[in-house]
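Shown here: data-v9.cif, mmCIF, N, CA and C atoms.
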data_run
#
loop_
_atom_site.label_atom_id
_atom_site.label_comp_id
_atom_site.auth_asym_id
_atom_site.auth_seq_id
_atom_site.Cartn_x
_atom_site.Cartn_y
_atom_site.Cartn_z
N MET A 402 117.06 36.09 133.87
CA MET A 402 116.25 37.15 133.30
C MET A 402 116.71 38.53 133.79
N LEU A 403 117.02 38.70 135.04
CA LEU A 403 117.38 40.00 135.58
C LEU A 403 118.69 40.56 135.02
N ASN A 404 119.55 39.74 134.48
CA ASN A 404 120.83 40.25 133.99
C ASN A 404 120.68 41.05 132.70
N HIS A 405 119.48 41.15 132.13
CA HIS A 405 119.25 41.97 130.95
C HIS A 405 118.56 43.29 131.29
N TRP A 406 118.36 43.55 132.55
CA TRP A 406 117.67 44.77 132.97
C TRP A 406 118.67 45.91 133.08
N PRO A 407 118.39 47.03 132.44
CA PRO A 407 119.26 48.19 132.61
C PRO A 407 118.99 48.84 133.97
N PRO A 408 119.98 49.52 134.51
CA PRO A 408 119.74 50.26 135.75
C PRO A 408 118.63 51.30 135.56
N LEU A 409 117.82 51.49 136.58
CA LEU A 409 116.71 52.42 136.51
C LEU A 409 117.16 53.83 136.14
N GLY A 410 118.30 54.25 136.66
CA GLY A 410 118.82 55.59 136.36
C GLY A 410 119.07 55.81 134.88
N THR A 411 119.51 54.76 134.19
CA THR A 411 119.74 54.91 132.75
C THR A 411 118.42 55.12 132.01
N LEU A 412 117.37 54.46 132.48
CA LEU A 412 116.06 54.63 131.85
C LEU A 412 115.51 56.03 132.10
N ARG A 413 115.68 56.52 133.30
CA ARG A 413 115.22 57.87 133.63
C ARG A 413 116.00 58.91 132.82
N GLY A 414 117.30 58.74 132.71
CA GLY A 414 118.12 59.65 131.93
C GLY A 414 117.74 59.64 130.46
N PHE A 415 117.53 58.45 129.92
CA PHE A 415 117.11 58.31 128.53
C PHE A 415 115.76 58.98 128.29
N GLU A 416 114.79 58.71 129.15
CA GLU A 416 113.45 59.26 128.97
C GLU A 416 113.47 60.79 129.04
N ALA A 417 114.18 61.33 130.00
CA ALA A 417 114.25 62.79 130.14
C ALA A 417 114.95 63.42 128.93
N ALA A 418 116.05 62.85 128.49
CA ALA A 418 116.77 63.38 127.34
C ALA A 418 115.91 63.31 126.08
N ALA A 419 115.17 62.22 125.92
CA ALA A 419 114.29 62.08 124.76
C ALA A 419 113.16 63.11 124.80
N ARG A 420 112.57 63.28 125.95
CA ARG A 420 111.45 64.22 126.09
C ARG A 420 111.89 65.66 125.91
N LEU A 421 113.07 65.99 126.45
CA LEU A 421 113.54 67.37 126.43
C LEU A 421 114.46 67.68 125.25
N GLY A 422 114.92 66.65 124.56
CA GLY A 422 115.78 66.85 123.40
C GLY A 422 117.16 67.36 123.73
N SER A 423 117.61 67.11 124.96
CA SER A 423 118.89 67.67 125.40
C SER A 423 119.39 66.94 126.64
N PHE A 424 120.68 66.59 126.62
CA PHE A 424 121.29 66.02 127.83
C PHE A 424 121.38 67.09 128.91
N HIS A 425 121.65 68.32 128.51
CA HIS A 425 121.78 69.42 129.48
C HIS A 425 120.46 69.63 130.23
N LYS A 426 119.35 69.73 129.49
CA LYS A 426 118.05 69.94 130.13
C LYS A 426 117.65 68.74 130.98
N ALA A 427 117.95 67.53 130.50
CA ALA A 427 117.66 66.32 131.28
C ALA A 427 118.45 66.34 132.58
N ALA A 428 119.70 66.75 132.51
CA ALA A 428 120.54 66.82 133.69
C ALA A 428 119.97 67.80 134.72
N GLU A 429 119.53 68.95 134.25
CA GLU A 429 118.93 69.93 135.16
C GLU A 429 117.70 69.35 135.85
N GLU A 430 116.85 68.69 135.07
CA GLU A 430 115.63 68.11 135.65
C GLU A 430 115.93 67.02 136.66
N LEU A 431 116.94 66.21 136.39
CA LEU A 431 117.27 65.07 137.25
C LEU A 431 118.28 65.41 138.34
N HIS A 432 118.72 66.66 138.37
CA HIS A 432 119.72 67.13 139.34
C HIS A 432 121.02 66.34 139.22
N LEU A 433 121.46 66.17 137.98
CA LEU A 433 122.71 65.49 137.66
C LEU A 433 123.54 66.42 136.78
N THR A 434 124.74 65.99 136.47
CA THR A 434 125.53 66.73 135.50
C THR A 434 125.18 66.25 134.10
N GLN A 435 125.47 67.09 133.12
CA GLN A 435 125.24 66.71 131.73
C GLN A 435 126.07 65.48 131.39
N SER A 436 127.27 65.42 131.91
CA SER A 436 128.15 64.28 131.68
C SER A 436 127.54 62.99 132.23
N ALA A 437 126.91 63.08 133.40
CA ALA A 437 126.30 61.89 134.00
C ALA A 437 125.16 61.35 133.14
N VAL A 438 124.33 62.24 132.64
CA VAL A 438 123.21 61.81 131.78
C VAL A 438 123.76 61.22 130.49
N SER A 439 124.74 61.88 129.91
CA SER A 439 125.36 61.38 128.68
C SER A 439 125.94 59.98 128.89
N LYS A 440 126.59 59.77 130.03
CA LYS A 440 127.16 58.46 130.34
C LYS A 440 126.07 57.42 130.56
N GLN A 441 124.96 57.81 131.19
CA GLN A 441 123.84 56.88 131.38
C GLN A 441 123.31 56.40 130.04
N VAL A 442 123.12 57.35 129.13
CA VAL A 442 122.59 57.00 127.81
C VAL A 442 123.60 56.14 127.05
N ALA A 443 124.87 56.49 127.15
CA ALA A 443 125.91 55.69 126.48
C ALA A 443 125.92 54.26 127.03
N GLN A 444 125.76 54.12 128.35
CA GLN A 444 125.71 52.79 128.97
C GLN A 444 124.52 52.00 128.44
N LEU A 445 123.39 52.66 128.32
CA LEU A 445 122.18 52.01 127.81
C LEU A 445 122.37 51.62 126.35
N GLU A 446 122.95 52.52 125.55
CA GLU A 446 123.20 52.22 124.14
C GLU A 446 124.15 51.04 123.99
N GLU A 447 125.17 50.99 124.82
CA GLU A 447 126.12 49.88 124.78
C GLU A 447 125.44 48.57 125.15
N MET A 448 124.61 48.62 126.17
CA MET A 448 123.91 47.41 126.61
C MET A 448 122.97 46.89 125.53
N LEU A 449 122.30 47.82 124.82
CA LEU A 449 121.32 47.44 123.80
C LEU A 449 121.94 47.22 122.42
N CYS A 450 123.21 47.61 122.28
CA CYS A 450 123.91 47.49 120.99
C CYS A 450 123.23 48.29 119.88
N HIS A 451 122.66 49.44 120.27
CA HIS A 451 122.01 50.33 119.31
C HIS A 451 122.15 51.76 119.78
N ASN A 452 122.31 52.68 118.84
CA ASN A 452 122.24 54.09 119.17
C ASN A 452 120.78 54.45 119.39
N LEU A 453 120.50 55.15 120.47
CA LEU A 453 119.14 55.57 120.78
C LEU A 453 118.86 56.98 120.29
N PHE A 454 119.93 57.73 120.04
CA PHE A 454 119.81 59.11 119.57
C PHE A 454 120.69 59.32 118.35
N GLU A 455 120.23 60.25 117.54
CA GLU A 455 121.07 60.80 116.48
C GLU A 455 121.38 62.23 116.91
N ARG A 456 122.65 62.56 116.95
CA ARG A 456 123.05 63.90 117.38
C ARG A 456 123.17 64.78 116.13
N VAL A 457 122.32 65.79 116.04
CA VAL A 457 122.29 66.68 114.88
C VAL A 457 122.33 68.12 115.36
N ARG A 458 123.42 68.83 115.03
CA ARG A 458 123.56 70.26 115.37
C ARG A 458 123.19 70.57 116.81
N GLN A 459 123.83 69.92 117.72
CA GLN A 459 123.65 70.13 119.16
C GLN A 459 122.22 69.85 119.63
N ARG A 460 121.47 69.09 118.86
CA ARG A 460 120.14 68.64 119.27
C ARG A 460 120.11 67.13 119.22
N LEU A 461 119.32 66.55 120.07
CA LEU A 461 119.15 65.11 120.06
C LEU A 461 117.87 64.76 119.33
N HIS A 462 117.95 63.78 118.48
CA HIS A 462 116.78 63.24 117.80
C HIS A 462 116.80 61.74 118.05
N LEU A 463 115.66 61.18 118.36
CA LEU A 463 115.59 59.74 118.58
C LEU A 463 115.89 58.99 117.28
N SER A 464 116.67 57.95 117.41
CA SER A 464 116.88 57.04 116.29
C SER A 464 115.62 56.17 116.19
N PRO A 465 115.47 55.40 115.12
CA PRO A 465 114.32 54.49 115.07
C PRO A 465 114.27 53.54 116.28
N ALA A 466 115.42 53.02 116.67
CA ALA A 466 115.46 52.12 117.84
C ALA A 466 115.09 52.89 119.11
N GLY A 467 115.56 54.14 119.22
CA GLY A 467 115.25 54.96 120.38
C GLY A 467 113.78 55.28 120.49
N ALA A 468 113.14 55.56 119.36
CA ALA A 468 111.70 55.86 119.36
C ALA A 468 110.90 54.64 119.82
N LEU A 469 111.28 53.49 119.34
CA LEU A 469 110.61 52.25 119.73
C LEU A 469 110.81 51.98 121.22
N TYR A 470 112.04 52.14 121.68
CA TYR A 470 112.37 51.87 123.08
C TYR A 470 111.67 52.86 124.01
N LEU A 471 111.56 54.12 123.59
CA LEU A 471 110.95 55.15 124.42
C LEU A 471 109.51 54.81 124.78
N VAL A 472 108.76 54.28 123.84
CA VAL A 472 107.37 53.92 124.10
C VAL A 472 107.29 52.95 125.28
N GLU A 473 108.13 51.94 125.27
CA GLU A 473 108.10 50.94 126.34
C GLU A 473 108.67 51.47 127.65
N VAL A 474 109.73 52.27 127.57
CA VAL A 474 110.32 52.83 128.78
C VAL A 474 109.31 53.73 129.48
N ARG A 475 108.61 54.56 128.72
CA ARG A 475 107.59 55.42 129.32
C ARG A 475 106.48 54.60 129.97
N ARG A 476 106.04 53.55 129.30
CA ARG A 476 104.99 52.69 129.85
C ARG A 476 105.44 52.07 131.17
N ILE A 477 106.67 51.59 131.19
CA ILE A 477 107.19 50.93 132.39
C ILE A 477 107.38 51.92 133.53
N LEU A 478 107.97 53.08 133.24
CA LEU A 478 108.17 54.08 134.29
C LEU A 478 106.84 54.58 134.82
N ASN A 479 105.86 54.73 133.95
CA ASN A 479 104.53 55.14 134.38
C ASN A 479 103.91 54.09 135.30
N GLN A 480 104.08 52.83 134.97
CA GLN A 480 103.52 51.76 135.81
C GLN A 480 104.19 51.73 137.18
N VAL A 481 105.50 51.95 137.22
CA VAL A 481 106.20 52.02 138.51
C VAL A 481 105.67 53.19 139.33
N ASP A 482 105.43 54.32 138.68
CA ASP A 482 104.89 55.49 139.37
C ASP A 482 103.50 55.19 139.93
N ILE A 483 102.64 54.59 139.13
CA ILE A 483 101.28 54.26 139.58
C ILE A 483 101.33 53.29 140.76
N SER A 484 102.15 52.27 140.65
CA SER A 484 102.26 51.27 141.73
C SER A 484 102.80 51.90 143.00
N SER A 485 103.78 52.77 142.87
CA SER A 485 104.36 53.44 144.04
C SER A 485 103.34 54.33 144.72
N ARG A 486 102.59 55.09 143.93
CA ARG A 486 101.55 55.95 144.50
C ARG A 486 100.48 55.12 145.21
N TYR A 487 100.14 53.99 144.65
CA TYR A 487 99.13 53.12 145.25
C TYR A 487 99.62 52.63 146.63
N ILE A 488 100.85 52.16 146.67
CA ILE A 488 101.42 51.68 147.94
C ILE A 488 101.48 52.80 148.95
N LEU A 489 101.89 53.99 148.54
CA LEU A 489 101.96 55.12 149.45
C LEU A 489 100.58 55.52 149.98
N THR A 490 99.57 55.41 149.13
CA THR A 490 98.21 55.81 149.52
C THR A 490 97.51 54.76 150.37
N TYR A 491 97.63 53.51 149.94
CA TYR A 491 96.85 52.45 150.57
C TYR A 491 97.69 51.48 151.38
N GLY A 492 98.99 51.64 151.38
CA GLY A 492 99.85 50.78 152.17
C GLY A 492 99.85 49.33 151.73
N GLY A 493 99.50 49.09 150.50
CA GLY A 493 99.51 47.73 149.98
C GLY A 493 98.29 46.91 150.34
N GLU A 494 97.32 47.54 150.99
CA GLU A 494 96.09 46.82 151.34
C GLU A 494 95.20 46.70 150.11
N THR A 495 94.57 45.56 149.97
CA THR A 495 93.69 45.35 148.82
C THR A 495 92.24 45.53 149.19
#

Encoded form using structure tokens:
Amino acid sequence: MLNHWPPLGTLRGFEAAARLGSFHKAAEELHLTQSAVSKQVAQLEEMLCHNLFERVRQRLHLSPAGALYLVEVRRILNQVDISSRYILTYGGET
């Protein structure tokens, strides 16, 4: 099962680029280069065998597959954030 999981960095790069509509802006937010974010998204697209973005006049637009994937990626990243905050606050005590 784990061999189908994309690296977390690719998901973060994808989510930021989708939200901001730009690899450049995503790179600034993530403290990476534009090339690094572009490569992360390309790696994710290759792994999924689908384009996640349509590039139109120097703007990124989500493809249908990208829009569908974004919903789940955001849900998962949000859950990781919630779980991490819980552990930091309560130390894993129930």

The PyMOL selection byres ((chain A and resi 459-476) around 8) resolved against shown file, as a list of chain:residue names: A:Leu412, A:Arg413, A:Phe415, A:Glu416, A:Ala418, A:Ala419, A:Leu421, A:Gly422, A:Ser423, A:Phe424, A:His451, A:Asn452, A:Leu453, A:Phe454, A:Glu455, A:Arg456, A:Val457, A:Arg458, A:Ile477, A:Leu478, A:Asn479, A:Gln480, A:Val481, A:Asp482

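Minimum atom-to-atom distances from A:Tyr491, A:Arg486, A:Trp406, A:Thr411 to A:Ala443 were compared using only N, CA and C atoms, and the lowest value belongs to A:Thr411.
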
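Computed from the coordinates, the atom CA of A:Ser485 to atom N of A:Gly414 distance equals 18.0 Å.
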
What is the atom N of A:Thr490 to atom CA of A:Leu409 distance in Å? 21.5 Å

One decimal, Å: what's the distance from atom CA of A:Pro407 over to atom N of A:Leu445, could you say? 7.4 Å

Within stretch 426-493 of chain A, find each residue whose DSSP state, derived from the backbone, is alpha helix (DSSP H), and express the selection as number ranges by chain. A: 426-431, 435-449, 465-491

Test item, strand (DSSP E) assignment across chain A, answer as a PyMOL selection string: chain A and resi 454-457+460-463

Give me stretch 455-470 of chain A from this structure - all heavy atoms, as a PDB file, in the first residue's frame.
ATOM      1  N   GLU A 455      -3.545  22.898 -16.158  1.00  0.00           N
ATOM      2  CA  GLU A 455      -3.498  23.359 -17.540  1.00  0.00           C
ATOM      3  C   GLU A 455      -2.779  24.698 -17.486  1.00  0.00           C
ATOM      4  O   GLU A 455      -3.138  25.566 -16.686  1.00  0.00           O
ATOM      5  CB  GLU A 455      -4.920  23.513 -18.097  1.00  0.00           C
ATOM      6  CG  GLU A 455      -5.660  22.187 -18.140  1.00  0.00           C
ATOM      7  CD  GLU A 455      -7.149  22.339 -18.387  1.00  0.00           C
ATOM      8  OE1 GLU A 455      -7.659  23.474 -18.408  1.00  0.00           O
ATOM      9  OE2 GLU A 455      -7.799  21.297 -18.557  1.00  0.00           O
ATOM     10  N   ARG A 456      -1.740  24.834 -18.275  1.00  0.00           N
ATOM     11  CA  ARG A 456      -0.963  26.076 -18.286  1.00  0.00           C
ATOM     12  C   ARG A 456      -1.533  26.980 -19.378  1.00  0.00           C
ATOM     13  O   ARG A 456      -1.493  26.638 -20.548  1.00  0.00           O
ATOM     14  CB  ARG A 456       0.510  25.789 -18.548  1.00  0.00           C
ATOM     15  CG  ARG A 456       1.237  25.218 -17.325  1.00  0.00           C
ATOM     16  CD  ARG A 456       1.315  23.726 -17.381  1.00  0.00           C
ATOM     17  NE  ARG A 456       2.181  23.177 -16.337  1.00  0.00           N
ATOM     18  CZ  ARG A 456       1.978  21.998 -15.795  1.00  0.00           C
ATOM     19  NH1 ARG A 456       0.978  21.245 -16.158  1.00  0.00           N
ATOM     20  NH2 ARG A 456       2.791  21.564 -14.870  1.00  0.00           N
ATOM     21  N   VAL A 457      -2.087  28.116 -18.977  1.00  0.00           N
ATOM     22  CA  VAL A 457      -2.713  29.049 -19.910  1.00  0.00           C
ATOM     23  C   VAL A 457      -2.165  30.443 -19.656  1.00  0.00           C
ATOM     24  O   VAL A 457      -2.372  30.999 -18.571  1.00  0.00           O
ATOM     25  CB  VAL A 457      -4.252  29.051 -19.747  1.00  0.00           C
ATOM     26  CG1 VAL A 457      -4.897  30.028 -20.709  1.00  0.00           C
ATOM     27  CG2 VAL A 457      -4.817  27.653 -19.922  1.00  0.00           C
ATOM     28  N   ARG A 458      -1.452  30.990 -20.645  1.00  0.00           N
ATOM     29  CA  ARG A 458      -0.914  32.363 -20.560  1.00  0.00           C
ATOM     30  C   ARG A 458      -0.244  32.662 -19.233  1.00  0.00           C
ATOM     31  O   ARG A 458      -0.625  33.586 -18.515  1.00  0.00           O
ATOM     32  CB  ARG A 458      -2.024  33.377 -20.839  1.00  0.00           C
ATOM     33  CG  ARG A 458      -2.530  33.316 -22.242  1.00  0.00           C
ATOM     34  CD  ARG A 458      -3.480  34.463 -22.520  1.00  0.00           C
ATOM     35  NE  ARG A 458      -4.388  34.034 -23.566  1.00  0.00           N
ATOM     36  CZ  ARG A 458      -5.702  34.023 -23.466  1.00  0.00           C
ATOM     37  NH1 ARG A 458      -6.286  34.475 -22.375  1.00  0.00           N
ATOM     38  NH2 ARG A 458      -6.443  33.603 -24.454  1.00  0.00           N
ATOM     39  N   GLN A 459       0.723  31.882 -18.886  1.00  0.00           N
ATOM     40  CA  GLN A 459       1.525  32.050 -17.676  1.00  0.00           C
ATOM     41  C   GLN A 459       0.695  31.972 -16.386  1.00  0.00           C
ATOM     42  O   GLN A 459       1.107  32.468 -15.340  1.00  0.00           O
ATOM     43  CB  GLN A 459       2.315  33.359 -17.722  1.00  0.00           C
ATOM     44  CG  GLN A 459       3.297  33.408 -18.872  1.00  0.00           C
ATOM     45  CD  GLN A 459       4.109  34.673 -18.878  1.00  0.00           C
ATOM     46  OE1 GLN A 459       3.820  35.637 -18.180  1.00  0.00           O
ATOM     47  NE2 GLN A 459       5.153  34.676 -19.694  1.00  0.00           N
ATOM     48  N   ARG A 460      -0.471  31.374 -16.470  1.00  0.00           N
ATOM     49  CA  ARG A 460      -1.291  31.119 -15.279  1.00  0.00           C
ATOM     50  C   ARG A 460      -1.572  29.633 -15.211  1.00  0.00           C
ATOM     51  O   ARG A 460      -1.666  28.964 -16.228  1.00  0.00           O
ATOM     52  CB  ARG A 460      -2.632  31.854 -15.359  1.00  0.00           C
ATOM     53  CG  ARG A 460      -2.575  33.333 -15.131  1.00  0.00           C
ATOM     54  CD  ARG A 460      -2.580  33.775 -13.698  1.00  0.00           C
ATOM     55  NE  ARG A 460      -3.749  33.288 -12.960  1.00  0.00           N
ATOM     56  CZ  ARG A 460      -3.798  33.222 -11.657  1.00  0.00           C
ATOM     57  NH1 ARG A 460      -2.788  33.587 -10.931  1.00  0.00           N
ATOM     58  NH2 ARG A 460      -4.874  32.769 -11.046  1.00  0.00           N
ATOM     59  N   LEU A 461      -1.716  29.145 -14.013  1.00  0.00           N
ATOM     60  CA  LEU A 461      -2.064  27.748 -13.820  1.00  0.00           C
ATOM     61  C   LEU A 461      -3.551  27.629 -13.559  1.00  0.00           C
ATOM     62  O   LEU A 461      -4.121  28.409 -12.781  1.00  0.00           O
ATOM     63  CB  LEU A 461      -1.319  27.174 -12.606  1.00  0.00           C
ATOM     64  CG  LEU A 461       0.181  27.062 -12.702  1.00  0.00           C
ATOM     65  CD1 LEU A 461       0.733  26.530 -11.383  1.00  0.00           C
ATOM     66  CD2 LEU A 461       0.587  26.162 -13.837  1.00  0.00           C
ATOM     67  N   HIS A 462      -4.167  26.692 -14.205  1.00  0.00           N
ATOM     68  CA  HIS A 462      -5.568  26.366 -13.960  1.00  0.00           C
ATOM     69  C   HIS A 462      -5.617  24.869 -13.688  1.00  0.00           C
ATOM     70  O   HIS A 462      -4.979  24.088 -14.396  1.00  0.00           O
ATOM     71  CB  HIS A 462      -6.434  26.705 -15.174  1.00  0.00           C
ATOM     72  CG  HIS A 462      -6.419  28.159 -15.515  1.00  0.00           C
ATOM     73  ND1 HIS A 462      -7.204  29.078 -14.849  1.00  0.00           N
ATOM     74  CD2 HIS A 462      -5.707  28.864 -16.427  1.00  0.00           C
ATOM     75  CE1 HIS A 462      -6.982  30.273 -15.346  1.00  0.00           C
ATOM     76  NE2 HIS A 462      -6.075  30.172 -16.298  1.00  0.00           N
ATOM     77  N   LEU A 463      -6.371  24.481 -12.700  1.00  0.00           N
ATOM     78  CA  LEU A 463      -6.498  23.058 -12.394  1.00  0.00           C
ATOM     79  C   LEU A 463      -7.197  22.331 -13.537  1.00  0.00           C
ATOM     80  O   LEU A 463      -8.181  22.824 -14.085  1.00  0.00           O
ATOM     81  CB  LEU A 463      -7.293  22.852 -11.108  1.00  0.00           C
ATOM     82  CG  LEU A 463      -6.573  23.173  -9.813  1.00  0.00           C
ATOM     83  CD1 LEU A 463      -7.548  23.178  -8.658  1.00  0.00           C
ATOM     84  CD2 LEU A 463      -5.451  22.196  -9.571  1.00  0.00           C
ATOM     85  N   SER A 464      -6.678  21.182 -13.866  1.00  0.00           N
ATOM     86  CA  SER A 464      -7.361  20.295 -14.805  1.00  0.00           C
ATOM     87  C   SER A 464      -8.508  19.635 -14.031  1.00  0.00           C
ATOM     88  O   SER A 464      -8.560  19.727 -12.795  1.00  0.00           O
ATOM     89  CB  SER A 464      -6.390  19.228 -15.315  1.00  0.00           C
ATOM     90  OG  SER A 464      -6.057  18.341 -14.268  1.00  0.00           O
ATOM     91  N   PRO A 465      -9.407  18.950 -14.716  1.00  0.00           N
ATOM     92  CA  PRO A 465     -10.452  18.225 -13.970  1.00  0.00           C
ATOM     93  C   PRO A 465      -9.864  17.237 -12.953  1.00  0.00           C
ATOM     94  O   PRO A 465     -10.340  17.156 -11.819  1.00  0.00           O
ATOM     95  CB  PRO A 465     -11.237  17.518 -15.071  1.00  0.00           C
ATOM     96  CG  PRO A 465     -11.082  18.420 -16.267  1.00  0.00           C
ATOM     97  CD  PRO A 465      -9.663  18.932 -16.164  1.00  0.00           C
ATOM     98  N   ALA A 466      -8.819  16.534 -13.337  1.00  0.00           N
ATOM     99  CA  ALA A 466      -8.180  15.592 -12.405  1.00  0.00           C
ATOM    100  C   ALA A 466      -7.548  16.353 -11.236  1.00  0.00           C
ATOM    101  O   ALA A 466      -7.611  15.916 -10.083  1.00  0.00           O
ATOM    102  CB  ALA A 466      -7.123  14.755 -13.122  1.00  0.00           C
ATOM    103  N   GLY A 467      -6.933  17.508 -11.530  1.00  0.00           N
ATOM    104  CA  GLY A 467      -6.315  18.311 -10.485  1.00  0.00           C
ATOM    105  C   GLY A 467      -7.322  18.848  -9.489  1.00  0.00           C
ATOM    106  O   GLY A 467      -7.069  18.867  -8.282  1.00  0.00           O
ATOM    107  N   ALA A 468      -8.481  19.270  -9.976  1.00  0.00           N
ATOM    108  CA  ALA A 468      -9.532  19.788  -9.091  1.00  0.00           C
ATOM    109  C   ALA A 468     -10.030  18.690  -8.153  1.00  0.00           C
ATOM    110  O   ALA A 468     -10.226  18.922  -6.957  1.00  0.00           O
ATOM    111  CB  ALA A 468     -10.677  20.362  -9.913  1.00  0.00           C
ATOM    112  N   LEU A 469     -10.213  17.513  -8.693  1.00  0.00           N
ATOM    113  CA  LEU A 469     -10.656  16.375  -7.888  1.00  0.00           C
ATOM    114  C   LEU A 469      -9.602  16.008  -6.844  1.00  0.00           C
ATOM    115  O   LEU A 469      -9.914  15.803  -5.664  1.00  0.00           O
ATOM    116  CB  LEU A 469     -10.939  15.176  -8.796  1.00  0.00           C
ATOM    117  CG  LEU A 469     -11.397  13.889  -8.135  1.00  0.00           C
ATOM    118  CD1 LEU A 469     -12.778  14.075  -7.522  1.00  0.00           C
ATOM    119  CD2 LEU A 469     -11.439  12.778  -9.170  1.00  0.00           C
ATOM    120  N   TYR A 470      -8.350  15.958  -7.275  1.00  0.00           N
ATOM    121  CA  TYR A 470      -7.258  15.580  -6.379  1.00  0.00           C
ATOM    122  C   TYR A 470      -7.062  16.622  -5.285  1.00  0.00           C
ATOM    123  O   TYR A 470      -6.785  16.278  -4.130  1.00  0.00           O
ATOM    124  CB  TYR A 470      -5.983  15.402  -7.205  1.00  0.00           C
ATOM    125  CG  TYR A 470      -4.892  14.626  -6.520  1.00  0.00           C
ATOM    126  CD1 TYR A 470      -5.102  13.339  -6.039  1.00  0.00           C
ATOM    127  CD2 TYR A 470      -3.626  15.170  -6.374  1.00  0.00           C
ATOM    128  CE1 TYR A 470      -4.098  12.619  -5.422  1.00  0.00           C
ATOM    129  CE2 TYR A 470      -2.602  14.455  -5.763  1.00  0.00           C
ATOM    130  CZ  TYR A 470      -2.845  13.193  -5.287  1.00  0.00           C
ATOM    131  OH  TYR A 470      -1.842  12.473  -4.683  1.00  0.00           O
TER     132      TYR A 470
END
